[in-house]
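Colleague: My structure is stored as entry-v4.txt, with compact mmCIF, C-alpha atoms.
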```
# COMPACT_ATOMS: atom_id res chain seq x y z
CA MET A 86 0.00 0.00 0.00
CA PHE A 87 1.24 3.50 -0.85
CA ASN A 88 2.34 5.35 2.28
CA LEU A 89 1.79 9.13 2.09
CA HIS A 90 4.29 9.62 4.92
CA LYS A 91 7.17 7.78 3.22
CA HIS A 92 6.76 8.03 -0.57
CA HIS A 93 6.39 11.05 -2.83
CA ILE A 94 3.24 11.38 -4.90
CA ASP A 95 4.16 11.14 -8.59
CA ILE A 96 2.07 13.83 -10.28
CA LEU A 97 3.45 12.81 -13.69
CA SER A 98 2.14 9.27 -13.43
CA ILE A 99 -0.44 8.24 -16.02
CA MET A 100 -2.36 6.54 -13.22
CA PRO A 101 -4.96 8.74 -11.48
CA LEU A 102 -4.39 9.54 -7.82
CA PRO A 103 -6.43 7.34 -5.49
CA GLN A 104 -9.15 8.79 -3.33
CA TYR A 105 -7.68 9.11 0.15
CA SER A 106 -9.95 8.66 3.17
CA LYS A 107 -10.60 11.39 5.70
CA SER A 108 -8.49 9.55 8.26
CA GLU A 109 -5.59 9.27 5.78
CA ILE A 110 -5.71 13.02 5.13
CA GLN A 111 -5.85 13.79 8.86
CA SER A 112 -2.87 11.51 9.45
CA LEU A 113 -0.99 13.21 6.60
CA ILE A 114 -1.65 16.67 8.09
CA LYS A 115 -0.44 15.48 11.50
CA GLU A 116 2.77 14.09 9.98
CA ALA A 117 3.33 17.34 8.08
CA GLU A 118 2.86 19.36 11.25
CA ASN A 119 5.44 17.08 12.91
CA ASP A 120 8.01 18.13 10.28
CA ASN A 121 7.91 15.07 8.05
CA PRO A 122 9.22 16.57 4.76
CA ILE A 123 7.70 13.88 2.52
CA ALA A 124 4.31 14.35 4.20
CA GLN A 125 4.67 18.11 3.70
CA TYR A 126 5.48 17.64 0.00
CA ASN A 127 2.50 15.35 -0.51
CA LEU A 128 0.16 17.66 1.38
CA SER A 129 1.39 20.54 -0.78
CA THR A 130 0.60 18.48 -3.88
CA LEU A 131 -2.93 17.66 -2.72
CA TYR A 132 -3.64 21.31 -1.88
CA TYR A 133 -2.29 22.39 -5.28
CA LEU A 134 -4.45 19.88 -7.16
CA GLY A 135 -7.48 20.22 -4.89
CA HIS A 136 -7.45 16.44 -4.51
CA CYS A 137 -9.26 15.17 -1.37
CA VAL A 138 -8.78 18.65 0.13
CA LYS A 139 -10.02 22.09 -0.92
CA GLU A 140 -7.73 23.63 -3.54
CA ASP A 141 -5.50 26.22 -1.85
CA HIS A 142 -2.35 27.37 -3.64
CA GLY A 143 -1.26 29.44 -0.66
CA MET A 144 -1.28 26.41 1.62
CA SER A 145 0.36 24.38 -1.13
CA TYR A 146 3.28 26.80 -1.33
CA LYS A 147 3.61 26.96 2.47
CA TRP A 148 4.01 23.19 2.81
CA LEU A 149 6.23 22.92 -0.26
CA GLU A 150 8.61 25.57 1.10
CA ASN A 151 8.63 23.91 4.53
CA SER A 152 9.50 20.59 2.90
CA ALA A 153 12.29 22.16 0.84
CA LYS A 154 13.78 23.87 3.89
CA LEU A 155 13.87 20.50 5.65
CA GLY A 156 15.95 19.16 2.76
CA ASP A 157 13.45 17.28 0.60
CA SER A 158 14.99 17.20 -2.89
CA GLU A 159 11.64 16.81 -4.70
CA ALA A 160 10.33 19.96 -2.99
CA GLN A 161 13.58 21.80 -3.71
CA PHE A 162 13.38 20.78 -7.37
CA THR A 163 9.75 21.88 -7.64
CA LEU A 164 10.51 25.31 -6.16
CA GLY A 165 13.58 25.67 -8.39
CA ASP A 166 11.79 24.52 -11.53
CA ASN A 167 8.88 26.88 -10.91
CA ALA A 168 11.27 29.79 -10.32
CA ASN A 169 13.16 28.88 -13.49
CA SER A 170 9.91 28.94 -15.50
CA ASP A 171 9.15 32.37 -14.00
CA GLN A 172 12.69 33.52 -14.95
CA ASP A 173 13.54 34.10 -11.29
CA TYR A 174 16.96 32.61 -11.88
CA LYS A 175 18.40 33.55 -8.48
CA GLN A 176 15.78 31.47 -6.65
CA ALA A 177 15.98 28.76 -9.30
CA PHE A 178 19.73 28.43 -8.82
CA TYR A 179 19.39 28.39 -5.02
CA TRP A 180 16.89 25.52 -4.88
CA LEU A 181 18.16 23.52 -7.84
CA SER A 182 21.69 23.59 -6.44
CA LYS A 183 20.47 22.21 -3.11
CA ALA A 184 18.61 19.38 -4.85
CA ALA A 185 21.49 18.70 -7.25
CA ASP A 186 23.83 18.33 -4.25
CA GLN A 187 21.62 15.36 -3.32
CA GLU A 188 22.08 13.84 -6.82
CA HIS A 189 18.53 14.79 -7.87
CA THR A 190 18.82 14.11 -11.59
CA ASP A 191 16.15 16.51 -12.92
CA SER A 192 17.73 19.29 -10.85
CA MET A 193 21.16 18.55 -12.30
CA SER A 194 19.65 18.75 -15.78
CA ARG A 195 17.94 22.11 -15.13
CA LEU A 196 21.10 23.44 -13.50
CA GLY A 197 23.04 22.30 -16.54
CA ASP A 198 20.70 24.38 -18.71
CA MET A 199 21.38 27.42 -16.52
CA TYR A 200 25.13 27.03 -16.96
CA PHE A 201 24.78 26.47 -20.71
CA ASN A 202 22.71 29.64 -21.10
CA GLY A 203 24.37 31.78 -18.43
CA ASN A 204 21.13 32.37 -16.51
CA TYR A 205 22.13 34.05 -13.21
CA VAL A 206 25.48 32.21 -13.29
CA ASP A 207 28.48 32.87 -15.49
CA LYS A 208 28.12 30.90 -18.71
CA ASP A 209 30.11 27.70 -18.25
CA GLN A 210 29.45 25.11 -20.94
CA LYS A 211 31.89 22.60 -19.46
CA LYS A 212 30.05 22.65 -16.16
CA GLY A 213 26.70 22.46 -17.97
CA PHE A 214 27.93 19.45 -19.93
CA TYR A 215 29.19 17.79 -16.74
CA LEU A 216 25.82 18.23 -15.04
CA PHE A 217 24.01 16.85 -18.08
CA THR A 218 26.18 13.74 -18.14
CA LYS A 219 25.62 13.20 -14.40
CA SER A 220 21.88 13.26 -14.92
CA MET A 221 21.94 10.90 -17.88
CA HIS A 222 21.02 7.70 -16.03
CA ARG A 223 17.43 8.92 -16.23
CA TYR A 224 17.65 8.37 -20.01
CA CYS A 225 15.69 11.52 -20.83
CA SER A 226 15.40 11.90 -24.61
CA HIS A 227 15.79 15.69 -24.37
CA GLU A 228 19.08 15.33 -22.53
CA GLN A 229 20.30 12.66 -24.94
CA ASP A 230 19.53 14.96 -27.87
CA TYR A 231 21.28 17.85 -26.17
CA LEU A 232 24.34 15.75 -25.40
CA GLY A 233 24.46 14.77 -29.07
CA TYR A 234 24.30 18.45 -30.01
CA CYS A 235 27.12 19.24 -27.56
CA TYR A 236 29.33 16.51 -29.02
CA GLN A 237 28.50 17.52 -32.59
CA ASN A 238 29.38 21.17 -31.99
CA GLY A 239 32.09 20.83 -29.34
CA ILE A 240 30.04 22.61 -26.68
CA GLY A 241 31.49 21.99 -23.22
CA THR A 242 33.45 18.99 -24.53
CA ASP A 243 35.66 17.94 -27.43
CA GLN A 244 33.89 17.77 -30.79
CA ASN A 245 33.07 14.14 -31.60
CA ASP A 246 30.67 13.27 -34.44
CA LYS A 247 30.56 9.57 -33.58
CA GLU A 248 29.46 10.32 -30.01
CA ALA A 249 26.91 12.77 -31.40
CA VAL A 250 25.44 10.05 -33.61
CA ARG A 251 25.31 7.63 -30.67
CA TRP A 252 23.40 10.04 -28.42
CA TYR A 253 21.07 11.20 -31.19
CA GLN A 254 20.17 7.58 -31.95
CA ARG A 255 19.44 6.85 -28.29
CA SER A 256 17.17 9.88 -28.21
CA ILE A 257 15.47 8.79 -31.45
CA ASP A 258 14.80 5.39 -29.88
CA GLN A 259 12.46 7.37 -27.59
CA ASN A 260 10.90 9.16 -30.60
CA ASN A 261 12.53 12.55 -29.99
CA ALA A 262 11.74 14.83 -32.94
CA SER A 263 14.70 17.18 -32.48
CA ALA A 264 17.18 14.30 -32.49
CA LYS A 265 15.61 12.98 -35.72
CA ASN A 266 16.28 16.32 -37.36
CA HIS A 267 19.86 16.49 -36.06
CA LEU A 268 20.77 12.95 -37.12
CA GLY A 269 18.94 13.44 -40.42
CA ILE A 270 21.24 16.35 -41.27
CA MET A 271 24.28 14.23 -40.39
CA TYR A 272 23.05 11.53 -42.81
CA ILE A 273 22.45 14.15 -45.51
CA LEU A 274 25.98 15.56 -45.12
CA GLY A 275 27.70 12.29 -44.24
CA THR A 276 29.28 13.67 -41.07
CA GLY A 277 30.09 11.10 -38.40
CA ILE A 278 28.13 8.48 -40.31
CA ALA A 279 27.98 7.06 -43.86
CA LYS A 280 26.18 9.49 -46.18
CA ASP A 281 22.63 8.30 -46.82
CA GLN A 282 20.27 10.95 -48.14
CA GLU A 283 17.29 8.59 -48.10
CA LYS A 284 17.66 7.97 -44.36
CA GLY A 285 18.37 11.64 -43.78
CA PHE A 286 15.27 12.76 -45.64
CA LYS A 287 13.13 10.17 -43.82
CA LEU A 288 14.33 11.33 -40.39
CA ILE A 289 13.89 15.03 -41.18
CA SER A 290 10.42 14.33 -42.59
CA GLU A 291 9.45 12.49 -39.38
CA SER A 292 10.80 15.39 -37.36
CA ALA A 293 8.69 17.85 -39.36
CA GLU A 294 5.60 15.65 -38.94
CA GLN A 295 6.13 15.99 -35.17
CA TYR A 296 6.27 19.78 -35.65
CA ASP A 297 9.91 20.18 -34.71
CA LEU A 298 10.62 23.70 -35.96
CA GLU A 299 14.13 23.00 -37.19
CA GLY A 300 12.79 19.88 -38.90
CA LEU A 301 10.13 21.90 -40.71
CA CYS A 302 12.70 24.48 -41.74
CA ASN A 303 15.23 21.90 -42.94
CA LEU A 304 12.60 19.97 -44.89
CA GLY A 305 11.80 23.23 -46.65
CA LEU A 306 15.50 23.65 -47.44
CA LEU A 307 15.70 20.13 -48.90
CA TYR A 308 12.77 20.84 -51.23
CA ALA A 309 14.19 24.24 -52.14
CA LYS A 310 17.57 22.75 -53.07
CA GLY A 311 16.23 19.50 -54.53
CA ILE A 312 18.27 17.31 -52.18
CA TYR A 313 17.10 13.68 -52.48
CA VAL A 314 13.67 14.89 -53.68
CA GLU A 315 12.67 16.69 -56.85
CA GLN A 316 13.04 20.44 -56.40
CA ASP A 317 9.66 21.85 -55.39
CA TYR A 318 9.56 25.52 -54.45
CA GLN A 319 5.87 25.43 -53.48
CA LYS A 320 6.43 22.67 -50.94
CA ALA A 321 9.57 24.44 -49.74
CA LYS A 322 7.56 27.61 -49.15
CA GLU A 323 4.86 25.72 -47.23
CA TYR A 324 7.33 24.03 -44.85
CA LEU A 325 9.33 27.21 -44.32
CA GLU A 326 6.21 29.25 -43.61
CA ASN A 327 4.99 26.58 -41.17
CA ALA A 328 8.27 26.86 -39.27
CA ASP A 329 7.99 30.64 -39.24
CA ALA A 330 4.39 30.50 -38.02
CA TYR A 331 5.39 28.56 -34.90
CA SER A 332 8.61 30.44 -34.22
CA ASP A 333 9.58 33.72 -35.81
CA TYR A 334 12.32 32.77 -38.27
CA SER A 335 11.86 35.98 -40.26
CA GLY A 336 14.92 38.16 -39.83
CA LEU A 337 17.33 35.23 -39.63
CA GLU A 338 19.78 35.55 -42.50
CA ARG A 339 19.70 31.86 -43.49
CA TYR A 340 15.90 31.78 -43.52
CA ASP A 341 15.44 35.09 -45.33
CA LYS A 342 17.91 34.15 -48.08
CA VAL A 343 16.15 30.86 -48.81
CA MET A 344 12.69 32.47 -48.74
CA GLU A 345 13.89 35.17 -51.12
CA LYS A 346 15.14 32.49 -53.51
CA VAL A 347 11.93 30.45 -53.18
CA ASN A 348 9.64 33.44 -53.74
CA SER A 349 11.70 34.56 -56.74
CA ALA A 350 11.56 31.07 -58.27
CA LEU A 351 7.79 30.84 -57.77
CA LYS A 352 7.34 34.27 -59.34
CA ASN A 353 9.34 33.18 -62.37
CA GLN A 354 7.31 29.98 -62.64
CA ARG A 355 4.05 31.93 -62.61
CA GLY A 356 5.45 34.31 -65.21
CA LYS A 357 6.19 31.45 -67.58
CA SER A 358 2.78 29.82 -67.20
```
Could you render the structure from this file as structure tokens?

Modeller:
Amino acid sequence: MFNLHKHHIDILSIMPLPQYSKSEIQSLIKEAENDNPIAQYNLSTLYYLGHCVKEDHGMSYKWLENSAKLGDSEAQFTLGDNANSDQDYKQAFYWLSKAADQEHTDSMSRLGDMYFNGNYVDKDQKKGFYLFTKSMHRYCSHEQDYLGYCYQNGIGTDQNDKEAVRWYQRSIDQNNASAKNHLGIMYILGTGIAKDQEKGFKLISESAEQYDLEGLCNLGLLYAKGIYVEQDYQKAKEYLENADAYSDYSGLERYDKVMEKVNSALKNQRGKS
């Protein structure tokens, strides 16, 4: 039986939370009041969700902060992750560092992002890379993709195309769209892996179908340049505009140059018809 005093509630589980009895909730509150950090974290979660108790975000934050101050890494991560989303990087760094010191893998990953991007801390790609590799035993597809990108571009580590391919493939095994795009480009160019435009086009197409923005953009480039497929400026325009609609690519030199070429080619085609 799940013990609310000893085990953290997993809010990401696909299984719905059970209905706790009144006596279970009363026992949980008593444990929280007696400074049980796991009980405090779970009570915070129930208040936040309004599950078996009346929804109260103020009470939720109170118990979450109490739990974090008592050293609960899940509570520390939650406070840090929320602060990071709110761009309060000072608070994010404070709580994520405390959780990372306890080997909390998601916290190490978020902290790695902060070092990569220089949010609140001095930009330190080597430290960001180190934190990412420490968190890798969770096998998160996002982290695997990012490690591949680091190896491919020599960010925080020595450039190594073969390692990039290995991490991209592990991420793809979990259906990560970004990794499909990255490995697809490597197949198209033949970097770190035998050149295979058919495989590259297939991977980039799958990435675009999953609405990865770089995948959409690169598929447009393939149609614009006629790489592996017959040159098709109309299709190129559609994929490029789709990428721009989801994320503003206009103003980026690479994007604008291709769009200028595509629009000019379509204009010429209409003029000849």

Colleague: Mind checking which residues fall within 7 Å of Glu283 (chain A), counting all atoms listed in the file, ignoring those fewer than 3 positions away in the same chain, and posting them as a PyMOL selection string?

Modeller: chain A and resi 286-287+313

Colleague: Which value, in Å to one decimal, gives the distance between CA of Trp148 (chain A) and CA of Leu164 (chain A)?

Modeller: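 These atoms are spaced 11.3 Å apart.
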
Colleague: Please determine, counting all atoms listed in the file, which residue among A:Thr130, A:Ser108, A:Gln254, A:Thr276 has the shortest atom-to-atom distance to Leu288 (chain A).

Modeller: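 Between A:Thr130, A:Ser108, A:Gln254, A:Thr276, the residue approaching Leu288 (chain A) most closely is A:Gln254.
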
Colleague: Applying 7 Å and all atoms listed in the file, which residues near region 317-332 of chain A remain after dropping the ones on its own chain fewer than 2 positions away? List them as an MDAnalysis selection string.

Modeller: chainID A and resid 298 301:302 304:306 308:309 315 334:335 347 351

Colleague: Excluding same-chain residues fewer than 2 positions from region 178-189 of chain A, what lies within 7 Å of it counting only C-alpha atoms, as a VMD selection string?

Modeller: chain A and resid 158 161 to 162 164 to 165 174 to 176 191 to 193 196

Colleague: Mind checking which residues fall within 10 Å of region 213-218 of chain A, counting all atoms listed in the file, ignoring those fewer than 4 positions away in the same chain, and posting them as a ChimeraX atom specification?

Modeller: /A:185,190-203,208-209,222,228-229,231-232,235-236,240-242

Colleague: Please supply region 106-140 of chain A, rebuilt with N, CA and C atoms, as a PDB file, in the coordinates of the input.

Modeller:
```pdb
ATOM      1  N   SER A 106      -8.887   8.522   2.169  1.00  0.00           N
ATOM      2  CA  SER A 106      -9.950   8.660   3.170  1.00  0.00           C
ATOM      3  C   SER A 106      -9.686   9.864   4.067  1.00  0.00           C
ATOM      4  N   LYS A 107     -10.719  10.262   4.784  1.00  0.00           N
ATOM      5  CA  LYS A 107     -10.600  11.390   5.700  1.00  0.00           C
ATOM      6  C   LYS A 107      -9.539  11.120   6.766  1.00  0.00           C
ATOM      7  N   SER A 108      -9.484   9.901   7.238  1.00  0.00           N
ATOM      8  CA  SER A 108      -8.490   9.550   8.260  1.00  0.00           C
ATOM      9  C   SER A 108      -7.074   9.603   7.695  1.00  0.00           C
ATOM     10  N   GLU A 109      -6.910   9.205   6.425  1.00  0.00           N
ATOM     11  CA  GLU A 109      -5.590   9.270   5.780  1.00  0.00           C
ATOM     12  C   GLU A 109      -5.128  10.721   5.640  1.00  0.00           C
ATOM     13  N   ILE A 110      -6.051  11.601   5.275  1.00  0.00           N
ATOM     14  CA  ILE A 110      -5.710  13.020   5.130  1.00  0.00           C
ATOM     15  C   ILE A 110      -5.360  13.620   6.494  1.00  0.00           C
ATOM     16  N   GLN A 111      -6.124  13.286   7.510  1.00  0.00           N
ATOM     17  CA  GLN A 111      -5.850  13.790   8.860  1.00  0.00           C
ATOM     18  C   GLN A 111      -4.493  13.309   9.358  1.00  0.00           C
ATOM     19  N   SER A 112      -4.170  12.061   9.068  1.00  0.00           N
ATOM     20  CA  SER A 112      -2.870  11.510   9.450  1.00  0.00           C
ATOM     21  C   SER A 112      -1.744  12.220   8.692  1.00  0.00           C
ATOM     22  N   LEU A 113      -1.982  12.504   7.423  1.00  0.00           N
ATOM     23  CA  LEU A 113      -0.990  13.210   6.600  1.00  0.00           C
ATOM     24  C   LEU A 113      -0.724  14.603   7.161  1.00  0.00           C
ATOM     25  N   ILE A 114      -1.793  15.333   7.517  1.00  0.00           N
ATOM     26  CA  ILE A 114      -1.650  16.670   8.090  1.00  0.00           C
ATOM     27  C   ILE A 114      -0.856  16.620   9.392  1.00  0.00           C
ATOM     28  N   LYS A 115      -1.142  15.622  10.232  1.00  0.00           N
ATOM     29  CA  LYS A 115      -0.440  15.480  11.500  1.00  0.00           C
ATOM     30  C   LYS A 115       1.049  15.230  11.263  1.00  0.00           C
ATOM     31  N   GLU A 116       1.368  14.363  10.302  1.00  0.00           N
ATOM     32  CA  GLU A 116       2.770  14.090   9.980  1.00  0.00           C
ATOM     33  C   GLU A 116       3.464  15.338   9.453  1.00  0.00           C
ATOM     34  N   ALA A 117       2.758  16.103   8.616  1.00  0.00           N
ATOM     35  CA  ALA A 117       3.330  17.340   8.080  1.00  0.00           C
ATOM     36  C   ALA A 117       3.611  18.332   9.198  1.00  0.00           C
ATOM     37  N   GLU A 118       2.688  18.447  10.108  1.00  0.00           N
ATOM     38  CA  GLU A 118       2.860  19.360  11.250  1.00  0.00           C
ATOM     39  C   GLU A 118       4.001  18.911  12.165  1.00  0.00           C
ATOM     40  N   ASN A 119       4.320  17.624  12.129  1.00  0.00           N
ATOM     41  CA  ASN A 119       5.440  17.080  12.910  1.00  0.00           C
ATOM     42  C   ASN A 119       6.751  17.089  12.128  1.00  0.00           C
ATOM     43  N   ASP A 120       6.790  17.905  11.070  1.00  0.00           N
ATOM     44  CA  ASP A 120       8.010  18.130  10.280  1.00  0.00           C
ATOM     45  C   ASP A 120       8.495  16.910   9.508  1.00  0.00           C
ATOM     46  N   ASN A 121       7.562  16.129   8.989  1.00  0.00           N
ATOM     47  CA  ASN A 121       7.910  15.070   8.050  1.00  0.00           C
ATOM     48  C   ASN A 121       7.944  15.695   6.654  1.00  0.00           C
ATOM     49  N   PRO A 122       9.137  15.845   6.030  1.00  0.00           N
ATOM     50  CA  PRO A 122       9.220  16.570   4.760  1.00  0.00           C
ATOM     51  C   PRO A 122       8.479  15.904   3.599  1.00  0.00           C
ATOM     52  N   ILE A 123       8.431  14.576   3.591  1.00  0.00           N
ATOM     53  CA  ILE A 123       7.700  13.880   2.520  1.00  0.00           C
ATOM     54  C   ILE A 123       6.200  14.126   2.683  1.00  0.00           C
ATOM     55  N   ALA A 124       5.722  14.059   3.936  1.00  0.00           N
ATOM     56  CA  ALA A 124       4.310  14.350   4.200  1.00  0.00           C
ATOM     57  C   ALA A 124       3.983  15.784   3.795  1.00  0.00           C
ATOM     58  N   GLN A 125       4.887  16.715   4.073  1.00  0.00           N
ATOM     59  CA  GLN A 125       4.670  18.110   3.700  1.00  0.00           C
ATOM     60  C   GLN A 125       4.603  18.268   2.175  1.00  0.00           C
ATOM     61  N   TYR A 126       5.498  17.584   1.463  1.00  0.00           N
ATOM     62  CA  TYR A 126       5.480  17.640   0.000  1.00  0.00           C
ATOM     63  C   TYR A 126       4.163  17.090  -0.551  1.00  0.00           C
ATOM     64  N   ASN A 127       3.742  15.959  -0.024  1.00  0.00           N
ATOM     65  CA  ASN A 127       2.500  15.350  -0.510  1.00  0.00           C
ATOM     66  C   ASN A 127       1.284  16.195  -0.171  1.00  0.00           C
ATOM     67  N   LEU A 128       1.271  16.795   1.012  1.00  0.00           N
ATOM     68  CA  LEU A 128       0.160  17.660   1.380  1.00  0.00           C
ATOM     69  C   LEU A 128       0.122  18.883   0.481  1.00  0.00           C
ATOM     70  N   SER A 129       1.301  19.423   0.164  1.00  0.00           N
ATOM     71  CA  SER A 129       1.390  20.540  -0.780  1.00  0.00           C
ATOM     72  C   SER A 129       0.791  20.156  -2.130  1.00  0.00           C
ATOM     73  N   THR A 130       1.104  18.950  -2.589  1.00  0.00           N
ATOM     74  CA  THR A 130       0.600  18.480  -3.880  1.00  0.00           C
ATOM     75  C   THR A 130      -0.921  18.369  -3.878  1.00  0.00           C
ATOM     76  N   LEU A 131      -1.471  17.820  -2.804  1.00  0.00           N
ATOM     77  CA  LEU A 131      -2.930  17.660  -2.720  1.00  0.00           C
ATOM     78  C   LEU A 131      -3.626  19.017  -2.672  1.00  0.00           C
ATOM     79  N   TYR A 132      -3.051  19.969  -1.928  1.00  0.00           N
ATOM     80  CA  TYR A 132      -3.640  21.310  -1.880  1.00  0.00           C
ATOM     81  C   TYR A 132      -3.564  21.984  -3.268  1.00  0.00           C
ATOM     82  N   TYR A 133      -2.457  21.769  -3.957  1.00  0.00           N
ATOM     83  CA  TYR A 133      -2.290  22.390  -5.280  1.00  0.00           C
ATOM     84  C   TYR A 133      -3.322  21.841  -6.274  1.00  0.00           C
ATOM     85  N   LEU A 134      -3.525  20.526  -6.221  1.00  0.00           N
ATOM     86  CA  LEU A 134      -4.450  19.880  -7.160  1.00  0.00           C
ATOM     87  C   LEU A 134      -5.907  19.959  -6.697  1.00  0.00           C
ATOM     88  N   GLY A 135      -6.119  20.271  -5.427  1.00  0.00           N
ATOM     89  CA  GLY A 135      -7.480  20.220  -4.890  1.00  0.00           C
ATOM     90  C   GLY A 135      -7.991  18.799  -4.828  1.00  0.00           C
ATOM     91  N   HIS A 136      -7.093  17.868  -4.522  1.00  0.00           N
ATOM     92  CA  HIS A 136      -7.450  16.440  -4.510  1.00  0.00           C
ATOM     93  C   HIS A 136      -7.647  15.988  -3.057  1.00  0.00           C
ATOM     94  N   CYS A 137      -8.881  15.632  -2.725  1.00  0.00           N
ATOM     95  CA  CYS A 137      -9.260  15.170  -1.370  1.00  0.00           C
ATOM     96  C   CYS A 137      -9.180  16.289  -0.327  1.00  0.00           C
ATOM     97  N   VAL A 138      -8.749  17.461  -0.728  1.00  0.00           N
ATOM     98  CA  VAL A 138      -8.780  18.650   0.130  1.00  0.00           C
ATOM     99  C   VAL A 138      -9.212  19.824  -0.761  1.00  0.00           C
ATOM    100  N   LYS A 139      -9.630  20.918  -0.146  1.00  0.00           N
ATOM    101  CA  LYS A 139     -10.020  22.090  -0.920  1.00  0.00           C
ATOM    102  C   LYS A 139      -8.778  22.727  -1.541  1.00  0.00           C
ATOM    103  N   GLU A 140      -8.865  23.024  -2.843  1.00  0.00           N
ATOM    104  CA  GLU A 140      -7.730  23.630  -3.540  1.00  0.00           C
ATOM    105  C   GLU A 140      -7.325  24.931  -2.841  1.00  0.00           C
TER     106      GLU A 140
END
```
